[in-house]
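Take a look at the structure set out below.
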Amino acid sequence: MHHTRSLPVTFRTQVGIRCLALAIFLVNAMSVLGADGVIPGKVELYATWSALGIELPYTGDDNHNVHAEFVWRKPGEVKWRNGVDMTIDRQRRMIWASVWPLEEGDTIHVRLNLTDPDGGSTQISEQASLKKMNLDWSGLKEYYVAPTGTDDGPGTKEKPFKTLARAVRQAKPGTLVQAMSGIYAEADLFAGLKGTLQAPIVFAAAPGQTPIIDSSLSLPKGHLWKDLGNQVFVTEVMFDGGYFAQDGLRSFHYPTLDELQADKLQVGRAWYYDKAAKQLYVRTGTSSPATEHIYNLSQHAYGLHMTASQHVIVRGFTIRYTGSALVRISEGAQGCILLENKLHNGPSGIFMKSESTRDNAIWKNEIFEPGMDNISWTANYAYSYPNQALYCDKAGRGNSFCHNRIHNHFDLISVESWKNPDMLPLNRDCDILFNEVWHSGDDAIEADGGGVNMRISGNSIRECFAGLSLAPIERGPVYVTRNTVSFLNLLFKFNVNGCTSSGCVYLYHNTGYCQLVGADGGTSISFPPTIPSSNKVLKNNIVISNEWSVRAGRTGYELDGNCYFHVPGKGPRRFEWNQRVFATIDEFRAATGQESHGLYADPLLHEISDVGKIPSEGLFESAPKQSRLSEGNTSRFSLQVKSPCLDAAVPLKGINDEYIGSGPDMGAVESH
């Protein structure tokens, strides 16, 4: 039998008193520590396909003197690499940083050091593996579709289904549907399809095939039109009122017949639809009548409507002529991949929505809008008609937009969430990397609102109105690194009114130049002149401008190591800081303490012949020249051997550690 031994009452009382005293001492100590000493929470590493986000919550540190830094390495590496300076949000008691760019499937070891004079130091080690696109689909259950097939068949290669919708009904996790060439007059596909990470549902073009999703109504030449005079024509037709194209070119939508007849905004090619009377009115914008043109009218809102879809892969399709967006990914869509598709002729190319839409990849697609070239900035802004190539509106965490070719739209990549400063999940751990974008009527890359651990890096931006819009950044950190830009109006745009912009933004090693010579426009950096704004850090950029070098700068920003210059035919551009204007960088430096390592000098970039020159064929009409726009071609932005920017950049931990020469180079390219 087991007997429990009891301690004497007196001894137990003495032990109790001593324990109580120790407890009181620990409570008091923790109280002091909790006030000034830092107490780290659990670190989180969030992996995408190209980057790693780091997040560490903490408590304590009321006197705001905690310091955090990290190093990282891959398996097999002996030497640790520097991480970037960590962002400490002392209001939210969160510490953030990122590692980018990385390769799919990389495993990253992170060692984080947290130091507080009031509470000692803490070392935290974690590791995570990046996502990897598994494009080996051998072993999946295969079906085939072809416009010449039959939905009563078995869906084999010899007897394919006729429609994608029939294949959708058959699709289960681990299914591969291969589509043959031809037009699939279908819409709103793939909603609610759910594969798994290990067993996705794949819809792909069969090898060598070009399937097209197009549910539009086509009115051929010779269609019956009534001539109303003044190049306006009318016909009776059923139309969803979403998207209308003439000869494959976007036609401008007027909201009233009177405005169409007057061509209020001087757009030429335009339309209006009277839903009640089912009357379609067009202005051809040419001297020829409507009977000599081909028209496409959308009949459905979306080609793909991937509401709540999970782990669905779409590869190799052309999607065109829909009324709202060519593809919608929203309301809980997770783990979906759009790869190597061609999207054109839609109000928007891809539209993403809702906080529950997360971890989706838009990679290696081409998105463009024929006819947008002819519609002015004023006309585009006059009405709320959609005009974004890729529009991610208040979506969730981990979405990735990489290696795409996007051109000839009004806004090219818009990842927005502004007017929601406390909604940290919006566009969190978002990647906008290595895209090739050109010919934007407004913003090439628009990240208004920002996101926690957003990375905008390695993008090639050409012939745009504004290069990088960060107006405002309410959340951060946002990293903008090693992008190359040619622009008309603004290189870095911060100057929106209406909300504060206090999120941390780091703009490092970008190169941009203006293609405009004139009295107005062509500013390198424009901050908001009136609204509260802070926490913007710009270092080691090369900027060639037509108007201002820096406009509306103020205390709360940090500028250093940047090289400024002017377009041909201009004198030195001015600097504005705290409502004072400085004619030279020396005056600017002496009065403000900014740009202690900055230059005002010709950076001597290679192969730059179009500084200050709008393309002769018009900004938005020319096809991209391969020598200027091939993906990864940065030779024209490298520095000549006599450039003052060689070896002259400010050292930035985790950004430019790996250089050749006596120091890192300014600008987007390490030219050695």
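Chain identifiers are assigned as A, B, and so on, following the order in which chains appear in the structure tokens; residues are numbered from 1 within each chain, and ligands are numbered from 1 in order of appearance.
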Need to verify the contact set: stretch 54-67 of chain A, 6 Å, only C-alpha atoms, exclusion of same-chain residues closer than 5 positions in sequence. Can you return it as a compact mmCIF listing (two decimals) with N, CA, C and O atoms, in the first residue's frame?
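Just written: out.txt:
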# COMPACT_ATOMS: atom_id res chain seq x y z
N GLY A 34 7.99 44.24 -17.46
CA GLY A 34 6.90 44.45 -18.39
C GLY A 34 6.77 45.90 -18.80
O GLY A 34 6.31 46.21 -19.88
N ALA A 35 7.21 46.81 -17.96
CA ALA A 35 7.11 48.22 -18.29
C ALA A 35 8.20 48.64 -19.26
O ALA A 35 7.93 49.32 -20.26
N ASP A 36 9.45 48.25 -18.98
CA ASP A 36 10.56 48.72 -19.80
C ASP A 36 11.28 47.59 -20.54
O ASP A 36 11.76 47.78 -21.65
N GLY A 37 11.40 46.43 -19.92
CA GLY A 37 12.05 45.32 -20.59
C GLY A 37 11.12 44.69 -21.61
O GLY A 37 9.90 44.66 -21.45
N VAL A 38 11.68 44.15 -22.69
CA VAL A 38 10.88 43.55 -23.74
C VAL A 38 10.65 42.08 -23.45
O VAL A 38 11.52 41.38 -22.94
N ILE A 39 9.45 41.61 -23.75
CA ILE A 39 9.11 40.20 -23.63
C ILE A 39 8.64 39.73 -25.00
O ILE A 39 7.56 40.11 -25.47
N PRO A 40 9.47 38.96 -25.72
CA PRO A 40 9.11 38.57 -27.08
C PRO A 40 7.99 37.54 -27.10
O PRO A 40 7.88 36.69 -26.20
N GLY A 41 7.15 37.62 -28.11
CA GLY A 41 6.16 36.59 -28.36
C GLY A 41 6.73 35.54 -29.29
O GLY A 41 7.94 35.35 -29.38
N VAL A 43 7.73 34.16 -32.84
CA VAL A 43 8.06 34.65 -34.16
C VAL A 43 7.32 33.84 -35.22
O VAL A 43 7.10 32.63 -35.06
N GLU A 44 6.88 34.51 -36.29
CA GLU A 44 6.22 33.83 -37.40
C GLU A 44 7.00 34.11 -38.67
O GLU A 44 7.32 35.26 -38.98
N LEU A 45 7.32 33.07 -39.41
CA LEU A 45 7.90 33.18 -40.74
C LEU A 45 6.82 32.83 -41.75
O LEU A 45 6.25 31.74 -41.69
N ARG A 93 3.44 47.26 -31.13
CA ARG A 93 4.37 46.31 -30.53
C ARG A 93 4.57 45.09 -31.43
O ARG A 93 4.35 43.94 -31.05
N MET A 94 4.98 45.39 -32.64
CA MET A 94 5.28 44.37 -33.63
C MET A 94 6.61 44.70 -34.29
O MET A 94 6.95 45.87 -34.50
N ILE A 95 7.37 43.66 -34.65
CA ILE A 95 8.64 43.81 -35.35
C ILE A 95 8.53 43.03 -36.66
O ILE A 95 8.13 41.86 -36.66
N TRP A 96 8.89 43.71 -37.77
CA TRP A 96 8.72 43.10 -39.09
C TRP A 96 9.99 43.22 -39.92
O TRP A 96 10.78 44.14 -39.76
N ALA A 97 10.14 42.28 -40.86
CA ALA A 97 11.21 42.35 -41.86
C ALA A 97 10.89 41.32 -42.95
O ALA A 97 9.98 40.50 -42.80
N SER A 98 11.65 41.37 -44.03
CA SER A 98 11.48 40.43 -45.14
C SER A 98 12.84 39.99 -45.65
O SER A 98 13.85 40.67 -45.48
N LEU A 114 17.18 39.93 -30.30
CA LEU A 114 16.40 40.99 -29.68
C LEU A 114 17.16 41.49 -28.46
O LEU A 114 17.47 40.71 -27.56
N THR A 115 17.48 42.77 -28.45
CA THR A 115 18.30 43.33 -27.37
C THR A 115 17.58 44.51 -26.74
O THR A 115 17.10 45.40 -27.44
N ASP A 116 17.54 44.49 -25.38
CA ASP A 116 16.91 45.59 -24.64
C ASP A 116 17.79 45.89 -23.43
O ASP A 116 18.04 45.01 -22.61
Quick one: residues within 10 Å of A:Ala277, only C-alpha atoms counted, chain neighbours fewer than 3 positions away excluded, as a short mmCIF file (atom, residue, chain, number, x, y, z; two decimals) with N, CA and C atoms, in the first residue's frame?
data_model
loop_
_atom_site.label_atom_id
_atom_site.label_comp_id
_atom_site.auth_asym_id
_atom_site.auth_seq_id
_atom_site.Cartn_x
_atom_site.Cartn_y
_atom_site.Cartn_z
N GLU A 236 -30.59 47.37 -82.69
CA GLU A 236 -31.26 46.70 -81.58
C GLU A 236 -30.54 45.38 -81.30
N VAL A 237 -30.15 45.18 -80.06
CA VAL A 237 -29.38 43.99 -79.73
C VAL A 237 -29.43 43.76 -78.23
N MET A 238 -29.29 42.51 -77.80
CA MET A 238 -29.17 42.18 -76.38
C MET A 238 -27.71 42.30 -75.96
N TYR A 273 -25.56 52.34 -74.32
CA TYR A 273 -26.59 51.31 -74.44
C TYR A 273 -27.81 51.69 -73.62
N ASP A 274 -28.96 51.69 -74.26
CA ASP A 274 -30.25 51.94 -73.61
C ASP A 274 -30.84 50.57 -73.26
N LEU A 280 -28.45 49.89 -78.97
CA LEU A 280 -27.03 50.14 -78.86
C LEU A 280 -26.64 51.25 -79.83
#
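Closest approach to A:Ser125 among A:Arg73, A:Lys162, A:Arg92, A:His509: A:Arg73, based on only C-alpha atoms.
Closest approach to A:Asn374 among A:Cys504, A:Val267, A:Ala591, A:Val202: A:Val267, based on only C-alpha atoms.
Residues in contact with A:Met372 at 8 Å, where only C-alpha atoms are counted and same-chain residues fewer than 6 positions away are skipped, are listed as A:Leu249, A:Arg250, A:Asn408, A:His409, A:Phe410.
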Residues within 6 Å of stretch 326-338 of chain A, only C-alpha atoms, excluding chain neighbours under 5 positions, as a list in words: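 Near stretch 326-338 of chain A, the qualifying residues are Tyr302, Gly303, Leu304, His305, Met306, Thr307, Ala308, Ser309, Gln310, His311, Val312, Ile313, Val314, Gly346, Gly349, Ile350, Phe351, Met352, Lys353, Ser354, Ser356, Thr357, Arg358, Asp359, Asn360, Ala361 and Ile362 of chain A.
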For stretch 442-447 of chain A: contacts at 7 Å, only C-alpha atoms, fewer than 3 positions along chain excluded, given as a compact mmCIF listing (two decimals) with all heavy atoms, in the first residue's frame:
# COMPACT_ATOMS: atom_id res chain seq x y z
N PHE A 410 -4.72 51.55 -68.43
CA PHE A 410 -4.65 52.82 -67.72
C PHE A 410 -3.79 52.67 -66.47
O PHE A 410 -2.76 53.32 -66.31
CB PHE A 410 -6.05 53.30 -67.37
CG PHE A 410 -6.10 54.72 -66.87
CD1 PHE A 410 -5.68 55.76 -67.67
CD2 PHE A 410 -6.56 55.00 -65.60
CE1 PHE A 410 -5.72 57.08 -67.22
CE2 PHE A 410 -6.61 56.31 -65.14
CZ PHE A 410 -6.18 57.35 -65.94
N ASP A 411 -4.19 51.80 -65.55
CA ASP A 411 -3.34 51.37 -64.45
C ASP A 411 -2.92 49.93 -64.74
O ASP A 411 -3.74 49.10 -65.12
CB ASP A 411 -4.09 51.43 -63.12
CG ASP A 411 -4.37 52.85 -62.67
OD1 ASP A 411 -3.51 53.72 -62.88
OD2 ASP A 411 -5.45 53.10 -62.11
N LEU A 412 -1.67 49.62 -64.50
CA LEU A 412 -1.16 48.30 -64.88
C LEU A 412 -1.26 47.31 -63.74
O LEU A 412 -1.92 46.29 -63.85
CB LEU A 412 0.27 48.43 -65.40
CG LEU A 412 0.41 49.34 -66.64
CD1 LEU A 412 1.86 49.38 -67.12
CD2 LEU A 412 -0.52 48.90 -67.76
N ILE A 413 -0.59 47.56 -62.62
CA ILE A 413 -0.70 46.69 -61.44
C ILE A 413 -1.17 47.56 -60.28
O ILE A 413 -0.44 48.43 -59.82
CB ILE A 413 0.63 46.02 -61.10
CG1 ILE A 413 1.12 45.16 -62.28
CG2 ILE A 413 0.50 45.16 -59.84
CD1 ILE A 413 2.48 44.52 -62.04
N SER A 414 -2.38 47.31 -59.81
CA SER A 414 -2.95 48.08 -58.69
C SER A 414 -3.25 47.13 -57.55
O SER A 414 -4.16 46.30 -57.65
CB SER A 414 -4.24 48.79 -59.12
OG SER A 414 -3.99 49.73 -60.14
N VAL A 415 -2.46 47.23 -56.49
CA VAL A 415 -2.67 46.41 -55.29
C VAL A 415 -2.99 47.40 -54.17
O VAL A 415 -2.09 47.98 -53.57
CB VAL A 415 -1.43 45.55 -54.97
CG1 VAL A 415 -1.70 44.66 -53.76
CG2 VAL A 415 -1.07 44.69 -56.19
N GLU A 416 -4.27 47.61 -53.92
CA GLU A 416 -4.71 48.74 -53.11
C GLU A 416 -5.47 48.30 -51.86
O GLU A 416 -6.14 47.27 -51.86
CB GLU A 416 -5.63 49.65 -53.92
CG GLU A 416 -4.96 50.32 -55.11
CD GLU A 416 -5.89 51.31 -55.78
OE1 GLU A 416 -7.06 51.40 -55.39
OE2 GLU A 416 -5.43 52.00 -56.72
N VAL A 437 6.37 45.89 -67.39
CA VAL A 437 5.14 46.66 -67.62
C VAL A 437 5.48 47.91 -68.43
O VAL A 437 6.51 48.54 -68.22
CB VAL A 437 4.45 47.01 -66.29
CG1 VAL A 437 4.10 45.75 -65.52
CG2 VAL A 437 5.31 47.92 -65.42
N GLY A 450 -0.61 50.17 -49.16
CA GLY A 450 0.52 49.33 -48.75
C GLY A 450 0.07 48.04 -48.12
O GLY A 450 -1.06 47.58 -48.27
N ILE A 461 9.77 49.01 -65.78
CA ILE A 461 8.62 49.89 -66.03
C ILE A 461 9.02 50.89 -67.11
O ILE A 461 10.01 51.60 -66.95
CB ILE A 461 8.21 50.63 -64.74
CG1 ILE A 461 7.88 49.63 -63.63
CG2 ILE A 461 7.05 51.56 -65.00
CD1 ILE A 461 7.72 50.27 -62.26
N CYS A 464 5.48 55.32 -68.87
CA CYS A 464 4.29 55.40 -68.04
C CYS A 464 4.09 56.85 -67.59
O CYS A 464 5.01 57.66 -67.63
CB CYS A 464 4.43 54.49 -66.81
SG CYS A 464 5.84 54.93 -65.78
N PHE A 465 2.88 57.15 -67.17
CA PHE A 465 2.58 58.48 -66.65
C PHE A 465 3.25 58.65 -65.28
O PHE A 465 4.00 59.58 -65.05
CB PHE A 465 1.07 58.66 -66.55
CG PHE A 465 0.64 60.06 -66.17
CD1 PHE A 465 0.81 61.11 -67.05
CD2 PHE A 465 0.07 60.31 -64.94
CE1 PHE A 465 0.42 62.40 -66.71
CE2 PHE A 465 -0.33 61.59 -64.59
CZ PHE A 465 -0.15 62.64 -65.47
N ALA A 466 2.96 57.73 -64.35
CA ALA A 466 3.62 57.70 -63.04
C ALA A 466 4.19 56.30 -62.84
O ALA A 466 3.53 55.31 -63.14
CB ALA A 466 2.64 58.06 -61.94
N GLY A 467 5.39 56.24 -62.30
CA GLY A 467 6.06 54.95 -62.17
C GLY A 467 5.56 54.13 -61.00
O GLY A 467 4.97 53.07 -61.16
N LEU A 468 5.77 54.64 -59.78
CA LEU A 468 5.44 53.89 -58.56
C LEU A 468 4.60 54.78 -57.66
O LEU A 468 5.08 55.79 -57.14
CB LEU A 468 6.72 53.46 -57.85
CG LEU A 468 7.53 52.39 -58.61
CD1 LEU A 468 9.01 52.53 -58.36
CD2 LEU A 468 7.05 51.00 -58.22
N SER A 469 3.33 54.43 -57.50
CA SER A 469 2.41 55.20 -56.67
C SER A 469 2.33 54.56 -55.29
O SER A 469 1.93 53.40 -55.15
CB SER A 469 1.02 55.25 -57.31
OG SER A 469 0.12 55.94 -56.48
N LEU A 470 2.71 55.33 -54.29
CA LEU A 470 2.70 54.89 -52.89
C LEU A 470 1.95 55.96 -52.11
O LEU A 470 2.47 56.56 -51.18
CB LEU A 470 4.13 54.72 -52.39
CG LEU A 470 5.02 53.82 -53.27
CD1 LEU A 470 6.48 54.09 -53.03
CD2 LEU A 470 4.68 52.36 -53.04
